[in-house]
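Read through the structure below, which is laid out as structure tokens, and then see the notes.
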Amino acid sequence: MKFGICNINSVAIRKEPSNTSEMVSQLLFGETFKISEFNKKWIKILTDFDNYEGWVLANQFLKLEENQYIDINANNSYLSNELVTFISNQNTNLQTLTLGSTLPFYKNSSFKLLEEKFEYDGESLSGKSIKSNLVRTAHLYLNTPFLWGGRTPFGIDCSGFTQMVYKLNGYSLFRDAYQQANQGEVLSFIEESEAGDLAFFDNEEGEINHVGIILANNHIIHCYGKIRIDRLDQSGIYNIDTKRHTHKLRVMKQIF
């Protein structure tokens, strides 16, 4: 088995080994993975955070030996809590870092990736937060544009948004909305829900294709064109701009 780690801000994970193939997700800085296939330009990976499979370019990662892989995963509990910031290495070369990036071996405003040490001048976080903090984290992404497969404040999709909000609060969600819908406990009525719970929506075929985070007073924050806040009722999401329902409610789940 081969192993790797993302050593740049974000890397596209594609469905097939081609630059024109659909981007299904992204790796963020510091996230590790297992490698199952190689070819000249691409590697097929299985991510450690959410067990997601896809292809990334072979020149966009750092190869790890098994002992390095184990060591990093035992010391990667700190995340960046800055929307966008810079890190610098010993040569003072700057590199951007976005919200939710992993900081291996973080201590005293620095971290390291193998033998390379980086200075990190920003807020970091670690461990599990209280449920009410989910809403504060979700608001950090407001107005982030929709990007299929995205997981950063520069572009994100609906399930990437919910996954990252929960990740920043110490909880793991699967990558896609239909996968996340299999987690947690079912809530029967909106009145049972609390701010931070998840609401899932389906299409005409009954397939779950959308997810958002429930807010107080029958509102929801979700990704529809951008991260936005709309009304939530027993029918689904009521768009406050177009004055119509845009998504049909299927189920609500409590994860915490």
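A note on labels: chains of the structure tokens are A, B, ... as shown, every chain counts residues from 1, and ligands are counted from 1 in their shown order.
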
Subject >> Shell around Ala74 (chain A) at 12 Å using only C-alpha atoms, local window under 2 positions removed, as a VMD selection string >> reply: chain A and resid 32 67 to 72 76 to 78 103 to 106

Enumerate, in order of chain and increasing residue number, the residues of region 30-104 of chain A with an atom no farther than 12 Å from region 131-145 of chain A, each with its shortest atom pair and distance in Å to one decimal, counting only C-alpha atoms, as CSV.
```
residue,atom,partner,partner_atom,distance
A:Asn81,CA,A:Thr137,CA,9.3
A:Glu82,CA,A:Leu140,CA,9.4
A:Leu83,CA,A:Leu140,CA,7.5
A:Val84,CA,A:Leu140,CA,11.1
A:Thr98,CA,A:Tyr141,CA,11.4
A:Leu99,CA,A:Leu140,CA,9.2
A:Gly100,CA,A:Thr137,CA,10.7
```

Original post:
Could you name the residues that touch Gly196 (chain A) at 12 Å or less, counting only C-alpha atoms, but leaving out those on the same chain fewer than 5 positions away, as number ranges by chain?
Top reply: A: 129-139, 162, 165-166, 169, 212-216, 218-222, 252-256

I need the residues from that last selection saved to file as a PDB file, in the first residue's frame (with N, CA and C atoms), if you can.
```pdb
ATOM      1  N   SER A 129     -16.586  20.687  19.297  1.00  0.00           N
ATOM      2  CA  SER A 129     -17.239  21.895  19.794  1.00  0.00           C
ATOM      3  C   SER A 129     -18.658  21.588  20.241  1.00  0.00           C
ATOM      4  N   ILE A 130     -19.261  22.531  20.955  1.00  0.00           N
ATOM      5  CA  ILE A 130     -20.668  22.393  21.301  1.00  0.00           C
ATOM      6  C   ILE A 130     -21.512  22.630  20.051  1.00  0.00           C
ATOM      7  N   LYS A 131     -22.725  22.104  20.069  1.00  0.00           N
ATOM      8  CA  LYS A 131     -23.580  22.126  18.881  1.00  0.00           C
ATOM      9  C   LYS A 131     -23.873  23.535  18.390  1.00  0.00           C
ATOM     10  N   SER A 132     -24.044  24.465  19.308  1.00  0.00           N
ATOM     11  CA  SER A 132     -24.381  25.832  18.912  1.00  0.00           C
ATOM     12  C   SER A 132     -23.293  26.482  18.065  1.00  0.00           C
ATOM     13  N   ASN A 133     -22.072  25.969  18.145  1.00  0.00           N
ATOM     14  CA  ASN A 133     -20.977  26.552  17.374  1.00  0.00           C
ATOM     15  C   ASN A 133     -21.085  26.241  15.880  1.00  0.00           C
ATOM     16  N   LEU A 134     -21.877  25.225  15.529  1.00  0.00           N
ATOM     17  CA  LEU A 134     -22.074  24.896  14.118  1.00  0.00           C
ATOM     18  C   LEU A 134     -22.622  26.082  13.337  1.00  0.00           C
ATOM     19  N   VAL A 135     -23.548  26.801  13.928  1.00  0.00           N
ATOM     20  CA  VAL A 135     -24.176  27.932  13.246  1.00  0.00           C
ATOM     21  C   VAL A 135     -23.152  29.037  12.993  1.00  0.00           C
ATOM     22  N   ARG A 136     -22.330  29.322  13.983  1.00  0.00           N
ATOM     23  CA  ARG A 136     -21.286  30.343  13.803  1.00  0.00           C
ATOM     24  C   ARG A 136     -20.347  29.952  12.673  1.00  0.00           C
ATOM     25  N   THR A 137     -19.950  28.678  12.642  1.00  0.00           N
ATOM     26  CA  THR A 137     -19.060  28.202  11.580  1.00  0.00           C
ATOM     27  C   THR A 137     -19.737  28.295  10.220  1.00  0.00           C
ATOM     28  N   ALA A 138     -21.005  27.908  10.150  1.00  0.00           N
ATOM     29  CA  ALA A 138     -21.733  27.938   8.879  1.00  0.00           C
ATOM     30  C   ALA A 138     -21.777  29.344   8.300  1.00  0.00           C
ATOM     31  N   HIS A 139     -21.931  30.342   9.154  1.00  0.00           N
ATOM     32  CA  HIS A 139     -22.006  31.726   8.671  1.00  0.00           C
ATOM     33  C   HIS A 139     -20.687  32.212   8.075  1.00  0.00           C
ATOM     34  N   THR A 162     -21.811  21.254   4.303  1.00  0.00           N
ATOM     35  CA  THR A 162     -22.186  20.621   5.573  1.00  0.00           C
ATOM     36  C   THR A 162     -21.035  19.803   6.136  1.00  0.00           C
ATOM     37  N   VAL A 165     -18.405  22.264   7.684  1.00  0.00           N
ATOM     38  CA  VAL A 165     -18.883  22.876   8.927  1.00  0.00           C
ATOM     39  C   VAL A 165     -18.760  21.881  10.075  1.00  0.00           C
ATOM     40  N   TYR A 166     -19.158  20.654   9.827  1.00  0.00           N
ATOM     41  CA  TYR A 166     -19.048  19.632  10.877  1.00  0.00           C
ATOM     42  C   TYR A 166     -17.588  19.276  11.151  1.00  0.00           C
ATOM     43  N   ASN A 169     -15.894  21.465  13.512  1.00  0.00           N
ATOM     44  CA  ASN A 169     -16.381  21.312  14.878  1.00  0.00           C
ATOM     45  C   ASN A 169     -16.100  19.934  15.452  1.00  0.00           C
ATOM     46  N   GLY A 212     -28.825  20.862   3.820  1.00  0.00           N
ATOM     47  CA  GLY A 212     -28.521  22.148   4.420  1.00  0.00           C
ATOM     48  C   GLY A 212     -28.523  22.041   5.934  1.00  0.00           C
ATOM     49  N   ILE A 213     -28.113  23.111   6.589  1.00  0.00           N
ATOM     50  CA  ILE A 213     -28.032  23.151   8.049  1.00  0.00           C
ATOM     51  C   ILE A 213     -29.184  23.988   8.588  1.00  0.00           C
ATOM     52  N   ILE A 214     -29.968  23.387   9.463  1.00  0.00           N
ATOM     53  CA  ILE A 214     -31.125  24.055  10.042  1.00  0.00           C
ATOM     54  C   ILE A 214     -30.674  25.163  10.997  1.00  0.00           C
ATOM     55  N   LEU A 215     -31.342  26.308  10.894  1.00  0.00           N
ATOM     56  CA  LEU A 215     -31.109  27.433  11.783  1.00  0.00           C
ATOM     57  C   LEU A 215     -32.337  27.641  12.675  1.00  0.00           C
ATOM     58  N   ALA A 216     -32.236  28.576  13.595  1.00  0.00           N
ATOM     59  CA  ALA A 216     -33.364  28.884  14.473  1.00  0.00           C
ATOM     60  C   ALA A 216     -34.477  29.566  13.679  1.00  0.00           C
ATOM     61  N   ASN A 218     -37.095  28.540  11.977  1.00  0.00           N
ATOM     62  CA  ASN A 218     -37.511  27.986  10.682  1.00  0.00           C
ATOM     63  C   ASN A 218     -36.741  28.570   9.495  1.00  0.00           C
ATOM     64  N   HIS A 219     -35.435  28.673   9.660  1.00  0.00           N
ATOM     65  CA  HIS A 219     -34.560  29.065   8.557  1.00  0.00           C
ATOM     66  C   HIS A 219     -33.545  27.959   8.305  1.00  0.00           C
ATOM     67  N   ILE A 220     -32.905  28.050   7.157  1.00  0.00           N
ATOM     68  CA  ILE A 220     -31.893  27.063   6.786  1.00  0.00           C
ATOM     69  C   ILE A 220     -30.778  27.769   6.028  1.00  0.00           C
ATOM     70  N   ILE A 221     -29.536  27.348   6.251  1.00  0.00           N
ATOM     71  CA  ILE A 221     -28.398  27.847   5.484  1.00  0.00           C
ATOM     72  C   ILE A 221     -27.930  26.708   4.592  1.00  0.00           C
ATOM     73  N   HIS A 222     -27.800  26.984   3.299  1.00  0.00           N
ATOM     74  CA  HIS A 222     -27.505  25.923   2.326  1.00  0.00           C
ATOM     75  C   HIS A 222     -26.859  26.542   1.098  1.00  0.00           C
ATOM     76  N   MET A 252     -35.054  14.982   8.138  1.00  0.00           N
ATOM     77  CA  MET A 252     -34.176  15.784   8.979  1.00  0.00           C
ATOM     78  C   MET A 252     -33.411  14.852   9.905  1.00  0.00           C
ATOM     79  N   LYS A 253     -32.148  15.169  10.153  1.00  0.00           N
ATOM     80  CA  LYS A 253     -31.309  14.301  10.949  1.00  0.00           C
ATOM     81  C   LYS A 253     -30.571  15.090  12.027  1.00  0.00           C
ATOM     82  N   GLN A 254     -30.426  14.468  13.187  1.00  0.00           N
ATOM     83  CA  GLN A 254     -29.618  15.001  14.264  1.00  0.00           C
ATOM     84  C   GLN A 254     -28.335  14.183  14.333  1.00  0.00           C
ATOM     85  N   ILE A 255     -27.193  14.859  14.148  1.00  0.00           N
ATOM     86  CA  ILE A 255     -25.897  14.167  14.116  1.00  0.00           C
ATOM     87  C   ILE A 255     -25.225  14.191  15.465  1.00  0.00           C
ATOM     88  N   PHE A 256     -25.268  15.320  16.175  1.00  0.00           N
ATOM     89  CA  PHE A 256     -24.600  15.463  17.467  1.00  0.00           C
ATOM     90  C   PHE A 256     -25.231  14.529  18.488  1.00  0.00           C
TER      91      PHE A 256
END
```

Original post:
Quick one: residues within 8 Å of Glu31 (chain A), only C-alpha atoms counted, chain neighbours fewer than 2 positions away excluded, as a PyMOL selection string?
Top reply: chain A and resi 5-6+27-29+33+47-49+101-102

**OP:** Work out how far apart CA of Lys2 (chain A) and CA of Phe61 (chain A) are and give it in Å to one decimal.
**Re:** 12.3 Å

Original post:
Among region 90-252 of chain A, which ones does DSSP place in helix (DSSP H, G or I), written as a ChimeraX atom specification?
Top reply: /A:133-140,158-167,177-180,190-192

Please, could you write that set of residues out with N, CA and C atoms as a CSV table (one decimal), in the first residue's frame?
```csv
chain,number,residue,atom,x,y,z
A,133,ASN,N,-22.1,26.0,18.1
A,133,ASN,CA,-21.0,26.6,17.4
A,133,ASN,C,-21.1,26.2,15.9
A,134,LEU,N,-21.9,25.2,15.5
A,134,LEU,CA,-22.1,24.9,14.1
A,134,LEU,C,-22.6,26.1,13.3
A,135,VAL,N,-23.5,26.8,13.9
A,135,VAL,CA,-24.2,27.9,13.2
A,135,VAL,C,-23.2,29.0,13.0
A,136,ARG,N,-22.3,29.3,14.0
A,136,ARG,CA,-21.3,30.3,13.8
A,136,ARG,C,-20.3,30.0,12.7
A,137,THR,N,-20.0,28.7,12.6
A,137,THR,CA,-19.1,28.2,11.6
A,137,THR,C,-19.7,28.3,10.2
A,138,ALA,N,-21.0,27.9,10.2
A,138,ALA,CA,-21.7,27.9,8.9
A,138,ALA,C,-21.8,29.3,8.3
A,139,HIS,N,-21.9,30.3,9.2
A,139,HIS,CA,-22.0,31.7,8.7
A,139,HIS,C,-20.7,32.2,8.1
A,140,LEU,N,-19.6,31.6,8.4
A,140,LEU,CA,-18.3,32.0,7.8
A,140,LEU,C,-18.3,31.7,6.3
A,158,CYS,N,-23.3,21.7,-1.8
A,158,CYS,CA,-24.1,21.6,-0.6
A,158,CYS,C,-23.6,20.7,0.4
A,159,SER,N,-23.2,19.5,0.0
A,159,SER,CA,-22.7,18.5,0.9
A,159,SER,C,-21.2,18.8,1.4
A,160,GLY,N,-20.5,19.4,0.5
A,160,GLY,CA,-19.1,19.9,0.9
A,160,GLY,C,-19.2,20.9,2.0
A,161,PHE,N,-20.3,21.8,1.9
A,161,PHE,CA,-20.5,22.8,2.9
A,161,PHE,C,-20.8,22.2,4.3
A,162,THR,N,-21.8,21.3,4.3
A,162,THR,CA,-22.2,20.6,5.6
A,162,THR,C,-21.0,19.8,6.1
A,163,GLN,N,-20.3,19.1,5.3
A,163,GLN,CA,-19.2,18.3,5.7
A,163,GLN,C,-18.1,19.2,6.4
A,164,MET,N,-17.8,20.3,5.7
A,164,MET,CA,-16.7,21.2,6.3
A,164,MET,C,-17.2,21.9,7.6
A,165,VAL,N,-18.4,22.3,7.7
A,165,VAL,CA,-18.9,22.9,8.9
A,165,VAL,C,-18.8,21.9,10.1
A,166,TYR,N,-19.2,20.7,9.8
A,166,TYR,CA,-19.0,19.6,10.9
A,166,TYR,C,-17.6,19.3,11.2
A,167,LYS,N,-16.8,19.2,10.1
A,167,LYS,CA,-15.3,18.9,10.3
A,167,LYS,C,-14.7,19.9,11.2
A,177,ALA,N,-24.5,14.1,-0.2
A,177,ALA,CA,-25.7,14.3,0.5
A,177,ALA,C,-26.4,13.0,0.9
A,178,TYR,N,-26.5,12.1,-0.1
A,178,TYR,CA,-27.2,10.8,0.1
A,178,TYR,C,-26.5,9.9,1.1
A,179,GLN,N,-25.2,10.1,1.2
A,179,GLN,CA,-24.4,9.3,2.2
A,179,GLN,C,-24.6,9.9,3.6
A,180,GLN,N,-24.6,11.3,3.7
A,180,GLN,CA,-24.8,11.9,4.9
A,180,GLN,C,-26.2,11.6,5.5
A,190,ILE,N,-40.2,19.5,12.2
A,190,ILE,CA,-39.3,20.6,12.3
A,190,ILE,C,-39.2,21.1,13.7
A,191,GLU,N,-40.3,21.1,14.5
A,191,GLU,CA,-40.3,21.5,15.8
A,191,GLU,C,-39.3,20.8,16.7
A,192,GLU,N,-39.0,19.5,16.3
A,192,GLU,CA,-38.0,18.7,17.1
A,192,GLU,C,-36.6,19.1,16.8
```

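Distance check against Asp176 (chain A) using only C-alpha atoms: of A:Leu198, A:Ile229, A:Ile208, A:Ala58, the minimum falls on A:Ile208.
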
Subject >> DSSP-assigned strand (DSSP E or B) among region 14-133 of chain A, expressed as a PyMOL selection string >> reply: chain A and resi 14+23-28+32-38+42-47+53-57+62-64+79-80+84-88+94-98+102+107+110-113+116-120+124-125

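The gap separating CA of Glu205 (chain A) from CA of Asn182 (chain A) is 17.9 Å, in Å to one decimal.
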
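The coordinates place CA of Val251 (chain A) at 24.2 Å from CA of Leu147 (chain A).
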
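With only C-alpha atoms as the atoms that count, the residue of A:Gly236, A:Gly149, A:Gly54, A:Gly127 with the shortest distance to Leu249 (chain A) is A:Gly236.
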
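Distance annotation: of A:Thr246, A:Ser109, A:Gln95, A:Ser188, the residue with the minimal separation from His210 (chain A) is A:Thr246; atom set is only C-alpha atoms.
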
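Distances from A:Gln90, A:Asn19, A:Gln234, A:Asn217 to Val56 (chain A) were compared using only C-alpha atoms, and the smallest one belongs to A:Asn19.
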
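You can rank A:Ser21, A:Asn203, A:Gln26, A:Ser235 by their closest distance to Ile156 (chain A) using only C-alpha atoms, and at the top of that list sits A:Gln26.
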
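With distances restricted to only C-alpha atoms, A:Trp55 is the closest residue to Thr20 (chain A) from A:Trp55, A:Lys243, A:Leu173, A:Gly206.
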